[in-house]
Amino acid sequence: MGMSASQSRLLMLTSRRQDLEFRAQNITQRRTTLMESLDDASAVYAAALNKKQFLLNIPGNSQNGPKLTYEHILEEGNFRLVDAFGKVVVPGAQETSETDDGRKYLVDMGINDPAVLDAALREGIYFLEKMKPEGKSQTQSEKLYESMDMLGMHISSSITNISDSERASLKSLYDGLSDYFKNISGSVSDDSRAVIDEKVQELKALVNTLPQDATNMLNHHLSNFEATMQNVSYVEQNAASSWYIDEDWVAISTDQALFINNTRDEEGHAMAFARFQLLQDQVQRQDKALDTELKAIETERKAVDTEHEAVQKILMNNVEKSYKTFNA
């Protein structure tokens, strides 16, 4: 093989080797992407394993009931759905602007969707309230003290996603409100109402600076306290008076509502498992094909390297012969 032919062949082999290396890099990148997609799918599947849903608990039925709906809550008779500010959640416009106990309505057209209801209850957007049995109504003082105590307990331990300094600030404002309120005895004057309202507004202003998902329940308790305080005219420090509330609704967790079953989302789990298996099979097939292609490239690259070395050696020999000829 002449020098010119050897040089051309060497350049061609060099180009071919670079092309093979580039293809190998692309295949490696594609395999990495496949593994990442499988990792993502695995994370989604793991989340599905832990996902729960609210179902209707049917007494005497060992099987899971249907998904919890807004109608199921109403059918219980003494339950209702409220937001963090105490507004009663309804799926459409009502004949009156307020409930019998003076609560405002909040229209949510999507609340009839079980998925929307489930998410709202889990994320602390909406809450359940239950009417107390007849004959067990609280006095105004008892209700106010209960609201105050619920505020304190929630600030002390239940709120998450806030810093220690933010919690300390909340506690300080709460203590100021609580101390002032608990020093009131007898008739509640306009001046006392003004001071309490000012302290509540200070607490609300601080709450509004915090993440909403951390303070929904706190806003709920604050609104309950405000609503009760608006109607109270007499307070006794021992939380006992002759003033009774006709209809007394109290907040209740979904765990305390016997008609609600909080269980694993079996349907969602099955679908997630099927999707994961399908993707896993696809990834394995594609990865196997890429592995075969990569091995073929590696085999070809070794052959190219061998020929490249041989041609390079021939070219060097031709160069040496040329130098010897010219130097003779």
# chains A, B, ... in the order shown; residues from 1 in each chain; ligands from 1
call {"tool": "residues_around", "arguments": {"residues": "stretch 98-115 of chain A", "least_positions_apart": "2", "cutoff": "10 Å", "atoms": "only C-alpha atoms", "output": "VMD selection string"}}
result
chain A and resid 53 to 55 66 to 71 81 to 83 85 to 96 117 to 120 227 245 to 249
call {"tool": "write_last_selection", "arguments": {"atoms": "N, CA, C and O atoms", "output": "compact mmCIF listing (two decimals), in the first residue's frame"}}
result
# COMPACT_ATOMS: atom_id res chain seq x y z
N GLN A 53 -57.18 6.70 50.79
CA GLN A 53 -58.37 7.38 50.31
C GLN A 53 -59.49 7.21 51.34
O GLN A 53 -59.50 6.25 52.12
N PHE A 54 -60.40 8.17 51.34
CA PHE A 54 -61.54 8.10 52.25
C PHE A 54 -62.67 7.33 51.57
O PHE A 54 -63.11 7.69 50.47
N LEU A 55 -63.13 6.28 52.24
CA LEU A 55 -64.24 5.49 51.75
C LEU A 55 -65.38 5.54 52.76
O LEU A 55 -65.17 5.81 53.94
N PRO A 66 -67.99 2.64 48.90
CA PRO A 66 -67.61 3.53 47.80
C PRO A 66 -66.77 4.70 48.30
O PRO A 66 -66.65 4.93 49.51
N LYS A 67 -66.19 5.44 47.37
CA LYS A 67 -65.42 6.62 47.74
C LYS A 67 -66.33 7.63 48.44
O LYS A 67 -67.48 7.81 48.07
N LEU A 68 -65.76 8.27 49.47
CA LEU A 68 -66.53 9.24 50.24
C LEU A 68 -66.93 10.42 49.36
O LEU A 68 -66.10 10.97 48.63
N THR A 69 -68.19 10.82 49.45
CA THR A 69 -68.68 11.96 48.69
C THR A 69 -69.28 13.00 49.62
O THR A 69 -69.53 12.73 50.81
N TYR A 70 -69.53 14.15 49.07
CA TYR A 70 -70.17 15.23 49.84
C TYR A 70 -71.56 14.78 50.31
O TYR A 70 -71.98 15.09 51.43
N GLU A 71 -72.27 14.04 49.46
CA GLU A 71 -73.60 13.57 49.82
C GLU A 71 -73.55 12.62 51.02
O GLU A 71 -74.45 12.62 51.86
N LEU A 81 -69.47 20.29 56.32
CA LEU A 81 -68.12 20.57 55.86
C LEU A 81 -67.88 22.07 55.95
O LEU A 81 -68.72 22.87 55.51
N VAL A 82 -66.74 22.47 56.53
CA VAL A 82 -66.43 23.89 56.68
C VAL A 82 -65.00 24.15 56.21
O VAL A 82 -64.18 23.23 56.11
N ASP A 83 -64.71 25.42 55.91
CA ASP A 83 -63.34 25.78 55.55
C ASP A 83 -62.61 26.28 56.78
O ASP A 83 -63.14 26.25 57.90
N PHE A 85 -62.00 29.11 57.81
CA PHE A 85 -62.57 30.31 58.42
C PHE A 85 -64.00 30.09 58.92
O PHE A 85 -64.70 31.02 59.26
N GLY A 86 -64.42 28.82 58.95
CA GLY A 86 -65.73 28.50 59.50
C GLY A 86 -66.88 28.59 58.53
O GLY A 86 -68.04 28.37 58.92
N LYS A 87 -66.62 28.93 57.28
CA LYS A 87 -67.71 28.99 56.30
C LYS A 87 -68.16 27.57 55.95
O LYS A 87 -67.34 26.67 55.82
N VAL A 88 -69.46 27.41 55.79
CA VAL A 88 -70.02 26.10 55.48
C VAL A 88 -69.94 25.85 53.98
O VAL A 88 -70.46 26.63 53.18
N VAL A 89 -69.28 24.77 53.61
CA VAL A 89 -69.03 24.46 52.20
C VAL A 89 -70.26 23.80 51.58
O VAL A 89 -70.80 22.83 52.13
N VAL A 90 -70.71 24.34 50.46
CA VAL A 90 -71.86 23.79 49.72
C VAL A 90 -71.50 23.73 48.24
O VAL A 90 -70.66 24.49 47.76
N PRO A 91 -72.15 22.83 47.49
CA PRO A 91 -71.81 22.68 46.07
C PRO A 91 -72.50 23.67 45.15
O PRO A 91 -72.20 23.72 43.96
N GLY A 92 -73.44 24.46 45.67
CA GLY A 92 -74.16 25.41 44.83
C GLY A 92 -74.80 26.50 45.67
O GLY A 92 -74.73 26.50 46.91
N ALA A 93 -75.40 27.46 44.99
CA ALA A 93 -76.03 28.60 45.67
C ALA A 93 -77.15 28.12 46.59
O ALA A 93 -77.85 27.15 46.30
N GLN A 94 -77.32 28.82 47.73
CA GLN A 94 -78.34 28.49 48.71
C GLN A 94 -79.45 29.55 48.73
O GLN A 94 -79.27 30.67 48.24
N GLU A 95 -80.59 29.18 49.30
CA GLU A 95 -81.72 30.11 49.35
C GLU A 95 -81.44 31.27 50.30
O GLU A 95 -81.97 32.37 50.12
N THR A 96 -80.64 31.03 51.32
CA THR A 96 -80.29 32.08 52.27
C THR A 96 -78.79 32.31 52.24
O THR A 96 -78.03 31.48 51.75
N LEU A 117 -62.87 16.26 47.20
CA LEU A 117 -63.20 16.19 48.62
C LEU A 117 -62.08 15.52 49.41
O LEU A 117 -61.68 16.01 50.48
N ASP A 118 -61.57 14.42 48.89
CA ASP A 118 -60.49 13.69 49.56
C ASP A 118 -59.27 14.58 49.76
O ASP A 118 -58.70 14.66 50.86
N ALA A 119 -58.87 15.27 48.69
CA ALA A 119 -57.69 16.13 48.76
C ALA A 119 -57.92 17.29 49.73
O ALA A 119 -57.02 17.66 50.50
N ALA A 120 -59.12 17.87 49.71
CA ALA A 120 -59.41 19.02 50.58
C ALA A 120 -59.36 18.63 52.05
O ALA A 120 -58.88 19.39 52.89
N ALA A 227 -66.21 34.09 65.99
CA ALA A 227 -67.65 33.94 65.79
C ALA A 227 -68.38 33.82 67.13
O ALA A 227 -69.46 34.38 67.32
N ILE A 245 -76.00 27.89 74.00
CA ILE A 245 -76.04 28.00 72.54
C ILE A 245 -76.98 26.92 72.03
O ILE A 245 -76.87 25.75 72.39
N ASP A 246 -77.94 27.30 71.19
CA ASP A 246 -78.96 26.36 70.74
C ASP A 246 -78.36 25.23 69.90
O ASP A 246 -78.66 24.06 70.11
N GLU A 247 -77.54 25.59 68.92
CA GLU A 247 -76.92 24.58 68.07
C GLU A 247 -75.41 24.70 68.20
O GLU A 247 -74.83 25.73 67.90
N ASP A 248 -74.80 23.65 68.65
CA ASP A 248 -73.38 23.70 68.94
C ASP A 248 -72.64 22.72 68.03
O ASP A 248 -72.79 21.51 68.16
N TRP A 249 -71.86 23.26 67.12
CA TRP A 249 -71.07 22.43 66.20
C TRP A 249 -69.62 22.42 66.68
O TRP A 249 -69.08 23.45 67.06
call {"tool": "closest_atom_pairs", "arguments": {"of": "stretch 249-287 of chain A", "to": "stretch 34-45 of chain A", "cutoff": "9 Å", "atoms": "only C-alpha atoms", "output": "CSV"}}
result
residue,atom,partner,partner_atom,distance
A:His269,CA,A:Tyr45,CA,7.5
A:Ala272,CA,A:Tyr45,CA,5.5
A:Phe273,CA,A:Tyr45,CA,6.3
A:Arg275,CA,A:Ala41,CA,8.2
A:Phe276,CA,A:Ala41,CA,6.0
A:Leu279,CA,A:Leu38,CA,7.1
A:Gln280,CA,A:Leu38,CA,6.6
A:Val283,CA,A:Leu34,CA,6.1
A:Gln284,CA,A:Leu34,CA,8.8
A:Gln286,CA,A:Leu34,CA,8.2
A:Asp287,CA,A:Leu34,CA,7.5
call {"tool": "atom_distance", "arguments": {"atom1": "atom CA of A:Leu56", "atom2": "atom CA of A:Glu75"}}
result
11.2 Å
call {"tool": "closest_residue", "arguments": {"among": "A:Ser6, A:Ser169, A:Thr32, A:Ser15", "to": "A:Val304", "atoms": "only C-alpha atoms"}}
result
A:Ser15
call {"tool": "atom_distance", "arguments": {"atom1": "atom CA of A:Leu315", "atom2": "atom CA of A:Asp19"}}
result
22.4 Å
call {"tool": "atom_distance", "arguments": {"atom1": "atom CA of A:Ser8", "atom2": "atom CA of A:Gln312"}}
result
10.8 Å
call {"tool": "select_by_dssp", "arguments": {"residues": "stretch 29-198 of chain A", "states": "strand (DSSP E or B)", "output": "list in words"}}
result
Lys52, Gln53, Phe54, Leu55, Leu56, Lys67, Phe79, Arg80, Leu81, Val82, Asp83, Val88, Val89, Val90, Glu98, Lys104, Tyr105, Leu106, Val107, Tyr126, Phe127, Leu128, Glu129, Lys130, Met131, Thr139, Gly186 and Ser187 of chain A
call {"tool": "write_last_selection", "arguments": {"atoms": "N, CA, C and O atoms", "output": "short mmCIF file (atom, residue, chain, number, x, y, z; two decimals), in the first residue's frame"}}
result
data_model
loop_
_atom_site.label_atom_id
_atom_site.label_comp_id
_atom_site.auth_asym_id
_atom_site.auth_seq_id
_atom_site.Cartn_x
_atom_site.Cartn_y
_atom_site.Cartn_z
N LYS A 52 -53.56 6.89 50.60
CA LYS A 52 -54.83 6.43 51.18
C LYS A 52 -55.99 7.21 50.57
O LYS A 52 -55.80 8.24 49.93
N GLN A 53 -57.18 6.70 50.79
CA GLN A 53 -58.37 7.38 50.31
C GLN A 53 -59.49 7.21 51.34
O GLN A 53 -59.50 6.25 52.12
N PHE A 54 -60.40 8.17 51.34
CA PHE A 54 -61.54 8.10 52.25
C PHE A 54 -62.67 7.33 51.57
O PHE A 54 -63.11 7.69 50.47
N LEU A 55 -63.13 6.28 52.24
CA LEU A 55 -64.24 5.49 51.75
C LEU A 55 -65.38 5.54 52.76
O LEU A 55 -65.17 5.81 53.94
N LEU A 56 -66.58 5.28 52.28
CA LEU A 56 -67.74 5.22 53.17
C LEU A 56 -67.69 3.92 53.95
O LEU A 56 -67.57 2.83 53.36
N LYS A 67 -66.19 5.44 47.37
CA LYS A 67 -65.42 6.62 47.74
C LYS A 67 -66.33 7.63 48.44
O LYS A 67 -67.48 7.81 48.07
N PHE A 79 -73.53 16.13 60.44
CA PHE A 79 -72.19 16.53 60.01
C PHE A 79 -72.29 17.59 58.92
O PHE A 79 -73.26 17.64 58.17
N ARG A 80 -71.27 18.43 58.85
CA ARG A 80 -71.18 19.38 57.75
C ARG A 80 -69.71 19.65 57.45
O ARG A 80 -68.82 19.30 58.25
N LEU A 81 -69.47 20.29 56.32
CA LEU A 81 -68.12 20.57 55.86
C LEU A 81 -67.88 22.07 55.95
O LEU A 81 -68.72 22.87 55.51
N VAL A 82 -66.74 22.47 56.53
CA VAL A 82 -66.43 23.89 56.68
C VAL A 82 -65.00 24.15 56.21
O VAL A 82 -64.18 23.23 56.11
N ASP A 83 -64.71 25.42 55.91
CA ASP A 83 -63.34 25.78 55.55
C ASP A 83 -62.61 26.28 56.78
O ASP A 83 -63.14 26.25 57.90
N VAL A 88 -69.46 27.41 55.79
CA VAL A 88 -70.02 26.10 55.48
C VAL A 88 -69.94 25.85 53.98
O VAL A 88 -70.46 26.63 53.18
N VAL A 89 -69.28 24.77 53.61
CA VAL A 89 -69.03 24.46 52.20
C VAL A 89 -70.26 23.80 51.58
O VAL A 89 -70.80 22.83 52.13
N VAL A 90 -70.71 24.34 50.46
CA VAL A 90 -71.86 23.79 49.72
C VAL A 90 -71.50 23.73 48.24
O VAL A 90 -70.66 24.49 47.76
N GLU A 98 -76.91 32.76 54.97
CA GLU A 98 -76.27 32.23 56.16
C GLU A 98 -76.98 30.98 56.64
O GLU A 98 -78.15 30.74 56.31
N LYS A 104 -71.52 31.84 57.30
CA LYS A 104 -71.59 32.15 55.88
C LYS A 104 -71.39 30.86 55.07
O LYS A 104 -70.80 29.89 55.53
N TYR A 105 -71.88 30.89 53.83
CA TYR A 105 -71.69 29.76 52.93
C TYR A 105 -70.46 29.99 52.05
O TYR A 105 -70.12 31.12 51.71
N LEU A 106 -69.83 28.89 51.67
CA LEU A 106 -68.75 28.92 50.68
C LEU A 106 -69.14 27.94 49.57
O LEU A 106 -69.27 26.74 49.81
N VAL A 107 -69.35 28.46 48.37
CA VAL A 107 -69.76 27.62 47.25
C VAL A 107 -68.52 27.04 46.56
O VAL A 107 -67.64 27.77 46.13
N TYR A 126 -60.50 21.88 53.95
CA TYR A 126 -61.83 21.77 54.56
C TYR A 126 -61.76 20.85 55.77
O TYR A 126 -60.86 20.00 55.88
N PHE A 127 -62.76 21.01 56.66
CA PHE A 127 -62.81 20.23 57.89
C PHE A 127 -64.23 19.76 58.14
O PHE A 127 -65.19 20.34 57.63
N LEU A 128 -64.34 18.72 58.95
CA LEU A 128 -65.65 18.24 59.36
C LEU A 128 -66.07 18.90 60.66
O LEU A 128 -65.24 19.15 61.54
N GLU A 129 -67.36 19.19 60.76
CA GLU A 129 -67.94 19.62 62.02
C GLU A 129 -69.13 18.73 62.33
O GLU A 129 -69.85 18.31 61.43
N LYS A 130 -69.32 18.48 63.62
CA LYS A 130 -70.41 17.62 64.06
C LYS A 130 -71.25 18.36 65.08
O LYS A 130 -70.72 19.02 65.97
N MET A 131 -72.58 18.23 64.95
CA MET A 131 -73.46 18.86 65.92
C MET A 131 -73.49 18.02 67.19
O MET A 131 -73.61 16.79 67.14
N THR A 139 -72.02 26.16 77.35
CA THR A 139 -72.26 27.56 77.65
C THR A 139 -71.34 28.39 76.77
O THR A 139 -70.37 27.88 76.20
N GLY A 186 -67.76 38.46 84.08
CA GLY A 186 -69.01 39.19 84.07
C GLY A 186 -69.33 39.71 82.68
O GLY A 186 -68.98 39.10 81.67
N SER A 187 -70.00 40.84 82.61
CA SER A 187 -70.40 41.41 81.32
C SER A 187 -69.18 41.82 80.51
O SER A 187 -68.21 42.36 81.05
#
call {"tool": "closest_residue", "arguments": {"among": "A:Asp175, A:Arg31, A:Pro211, A:Met229", "to": "A:Arg285", "atoms": "only C-alpha atoms"}}
result
A:Arg31
call {"tool": "decode", "arguments": {"residues": "stretch 183-199 of chain A", "atoms": "all heavy atoms", "output": "mmCIF file, in the first residue's frame"}}
result
data_model
loop_
_atom_site.group_PDB
_atom_site.id
_atom_site.type_symbol
_atom_site.label_atom_id
_atom_site.label_comp_id
_atom_site.auth_asym_id
_atom_site.auth_seq_id
_atom_site.Cartn_x
_atom_site.Cartn_y
_atom_site.Cartn_z
ATOM 1 N N ASN A 183 -58.909 37.140 82.121
ATOM 2 C CA ASN A 183 -59.067 38.089 83.227
ATOM 3 C C ASN A 183 -60.418 38.801 83.180
ATOM 4 O O ASN A 183 -60.741 39.589 84.070
ATOM 5 C CB ASN A 183 -57.946 39.131 83.208
ATOM 6 C CG ASN A 183 -56.642 38.566 83.760
ATOM 7 O OD1 ASN A 183 -56.663 37.733 84.661
ATOM 8 N ND2 ASN A 183 -55.524 39.002 83.208
ATOM 9 N N ILE A 184 -61.183 38.536 82.118
ATOM 10 C CA ILE A 184 -62.514 39.137 82.018
ATOM 11 C C ILE A 184 -63.492 38.294 82.829
ATOM 12 O O ILE A 184 -63.481 37.073 82.767
ATOM 13 C CB ILE A 184 -62.983 39.203 80.549
ATOM 14 C CG1 ILE A 184 -62.054 40.104 79.732
ATOM 15 C CG2 ILE A 184 -64.416 39.714 80.459
ATOM 16 C CD1 ILE A 184 -62.388 40.118 78.259
ATOM 17 N N SER A 185 -64.340 38.940 83.571
ATOM 18 C CA SER A 185 -65.377 38.230 84.319
ATOM 19 C C SER A 185 -66.632 39.087 84.336
ATOM 20 O O SER A 185 -66.571 40.298 84.543
ATOM 21 C CB SER A 185 -64.912 37.948 85.752
ATOM 22 O OG SER A 185 -65.905 37.247 86.474
ATOM 23 N N GLY A 186 -67.763 38.457 84.083
ATOM 24 C CA GLY A 186 -69.014 39.194 84.065
ATOM 25 C C GLY A 186 -69.333 39.710 82.677
ATOM 26 O O GLY A 186 -68.981 39.099 81.669
ATOM 27 N N SER A 187 -70.000 40.843 82.612
ATOM 28 C CA SER A 187 -70.401 41.406 81.324
ATOM 29 C C SER A 187 -69.178 41.824 80.513
ATOM 30 O O SER A 187 -68.213 42.361 81.053
ATOM 31 C CB SER A 187 -71.307 42.620 81.541
ATOM 32 O OG SER A 187 -72.489 42.240 82.213
ATOM 33 N N VAL A 188 -69.260 41.583 79.223
ATOM 34 C CA VAL A 188 -68.155 41.931 78.328
ATOM 35 C C VAL A 188 -68.414 43.323 77.761
ATOM 36 O O VAL A 188 -69.379 43.538 77.027
ATOM 37 C CB VAL A 188 -68.030 40.909 77.187
ATOM 38 C CG1 VAL A 188 -66.840 41.259 76.300
ATOM 39 C CG2 VAL A 188 -67.879 39.505 77.750
ATOM 40 N N SER A 189 -67.556 44.269 78.101
ATOM 41 C CA SER A 189 -67.746 45.651 77.653
ATOM 42 C C SER A 189 -67.263 45.828 76.218
ATOM 43 O O SER A 189 -66.527 44.995 75.680
ATOM 44 C CB SER A 189 -66.980 46.607 78.570
ATOM 45 O OG SER A 189 -65.579 46.399 78.426
ATOM 46 N N ASP A 190 -67.672 46.954 75.626
ATOM 47 C CA ASP A 190 -67.212 47.272 74.272
ATOM 48 C C ASP A 190 -65.698 47.457 74.243
ATOM 49 O O ASP A 190 -65.035 47.088 73.266
ATOM 50 C CB ASP A 190 -67.900 48.544 73.771
ATOM 51 C CG ASP A 190 -69.384 48.319 73.497
ATOM 52 O OD1 ASP A 190 -69.772 47.145 73.324
ATOM 53 O OD2 ASP A 190 -70.130 49.316 73.460
ATOM 54 N N ASP A 191 -65.156 48.047 75.319
ATOM 55 C CA ASP A 191 -63.703 48.239 75.383
ATOM 56 C C ASP A 191 -62.979 46.890 75.391
ATOM 57 O O ASP A 191 -61.951 46.713 74.724
ATOM 58 C CB ASP A 191 -63.330 49.036 76.640
ATOM 59 C CG ASP A 191 -63.761 50.495 76.551
ATOM 60 O OD1 ASP A 191 -64.019 50.954 75.412
ATOM 61 O OD2 ASP A 191 -63.841 51.155 77.596
ATOM 62 N N SER A 192 -63.527 45.944 76.148
ATOM 63 C CA SER A 192 -62.914 44.614 76.202
ATOM 64 C C SER A 192 -62.973 43.934 74.839
ATOM 65 O O SER A 192 -62.012 43.300 74.391
ATOM 66 C CB SER A 192 -63.619 43.739 77.241
ATOM 67 O OG SER A 192 -63.440 44.267 78.540
ATOM 68 N N ARG A 193 -64.104 44.079 74.175
ATOM 69 C CA ARG A 193 -64.232 43.501 72.835
ATOM 70 C C ARG A 193 -63.198 44.101 71.887
ATOM 71 O O ARG A 193 -62.603 43.401 71.067
ATOM 72 C CB ARG A 193 -65.631 43.761 72.281
ATOM 73 C CG ARG A 193 -66.737 42.996 72.970
ATOM 74 C CD ARG A 193 -68.083 43.335 72.328
ATOM 75 N NE ARG A 193 -69.182 42.809 73.103
ATOM 76 C CZ ARG A 193 -69.621 41.554 73.020
ATOM 77 N NH1 ARG A 193 -69.029 40.715 72.197
ATOM 78 N NH2 ARG A 193 -70.629 41.144 73.759
ATOM 79 N N ALA A 194 -63.011 45.410 71.989
ATOM 80 C CA ALA A 194 -62.065 46.092 71.102
ATOM 81 C C ALA A 194 -60.643 45.587 71.336
ATOM 82 O O ALA A 194 -59.881 45.363 70.382
ATOM 83 C CB ALA A 194 -62.136 47.602 71.322
ATOM 84 N N VAL A 195 -60.278 45.405 72.606
ATOM 85 C CA VAL A 195 -58.932 44.914 72.919
ATOM 86 C C VAL A 195 -58.752 43.483 72.408
ATOM 87 O O VAL A 195 -57.726 43.147 71.801
ATOM 88 C CB VAL A 195 -58.682 44.970 74.444
ATOM 89 C CG1 VAL A 195 -57.351 44.300 74.783
ATOM 90 C CG2 VAL A 195 -58.674 46.414 74.928
ATOM 91 N N ILE A 196 -59.764 42.650 72.652
ATOM 92 C CA ILE A 196 -59.685 41.256 72.191
ATOM 93 C C ILE A 196 -59.594 41.203 70.672
ATOM 94 O O ILE A 196 -58.785 40.453 70.103
ATOM 95 C CB ILE A 196 -60.904 40.460 72.696
ATOM 96 C CG1 ILE A 196 -60.792 40.255 74.211
ATOM 97 C CG2 ILE A 196 -60.998 39.109 71.989
ATOM 98 C CD1 ILE A 196 -61.991 39.580 74.831
ATOM 99 N N ASP A 197 -60.413 42.012 70.008
ATOM 100 C CA ASP A 197 -60.389 42.030 68.538
ATOM 101 C C ASP A 197 -59.024 42.471 68.018
ATOM 102 O O ASP A 197 -58.502 41.912 67.050
ATOM 103 C CB ASP A 197 -61.476 42.967 68.013
ATOM 104 C CG ASP A 197 -61.532 42.976 66.496
ATOM 105 O OD1 ASP A 197 -61.853 41.927 65.907
ATOM 106 O OD2 ASP A 197 -61.225 44.030 65.902
ATOM 107 N N GLU A 198 -58.435 43.462 68.676
ATOM 108 C CA GLU A 198 -57.113 43.944 68.257
ATOM 109 C C GLU A 198 -56.062 42.839 68.401
ATOM 110 O O GLU A 198 -55.224 42.640 67.517
ATOM 111 C CB GLU A 198 -56.722 45.153 69.108
ATOM 112 C CG GLU A 198 -55.358 45.740 68.729
ATOM 113 C CD GLU A 198 -54.979 46.929 69.593
ATOM 114 O OE1 GLU A 198 -55.842 47.403 70.370
ATOM 115 O OE2 GLU A 198 -53.825 47.377 69.501
ATOM 116 N N LYS A 199 -56.137 42.114 69.511
ATOM 117 C CA LYS A 199 -55.166 41.039 69.735
ATOM 118 C C LYS A 199 -55.379 39.888 68.746
ATOM 119 O O LYS A 199 -54.416 39.273 68.271
ATOM 120 C CB LYS A 199 -55.272 40.535 71.183
ATOM 121 C CG LYS A 199 -54.805 41.562 72.212
ATOM 122 C CD LYS A 199 -54.896 41.011 73.627
ATOM 123 C CE LYS A 199 -54.402 42.032 74.651
ATOM 124 N NZ LYS A 199 -52.968 42.369 74.457
#
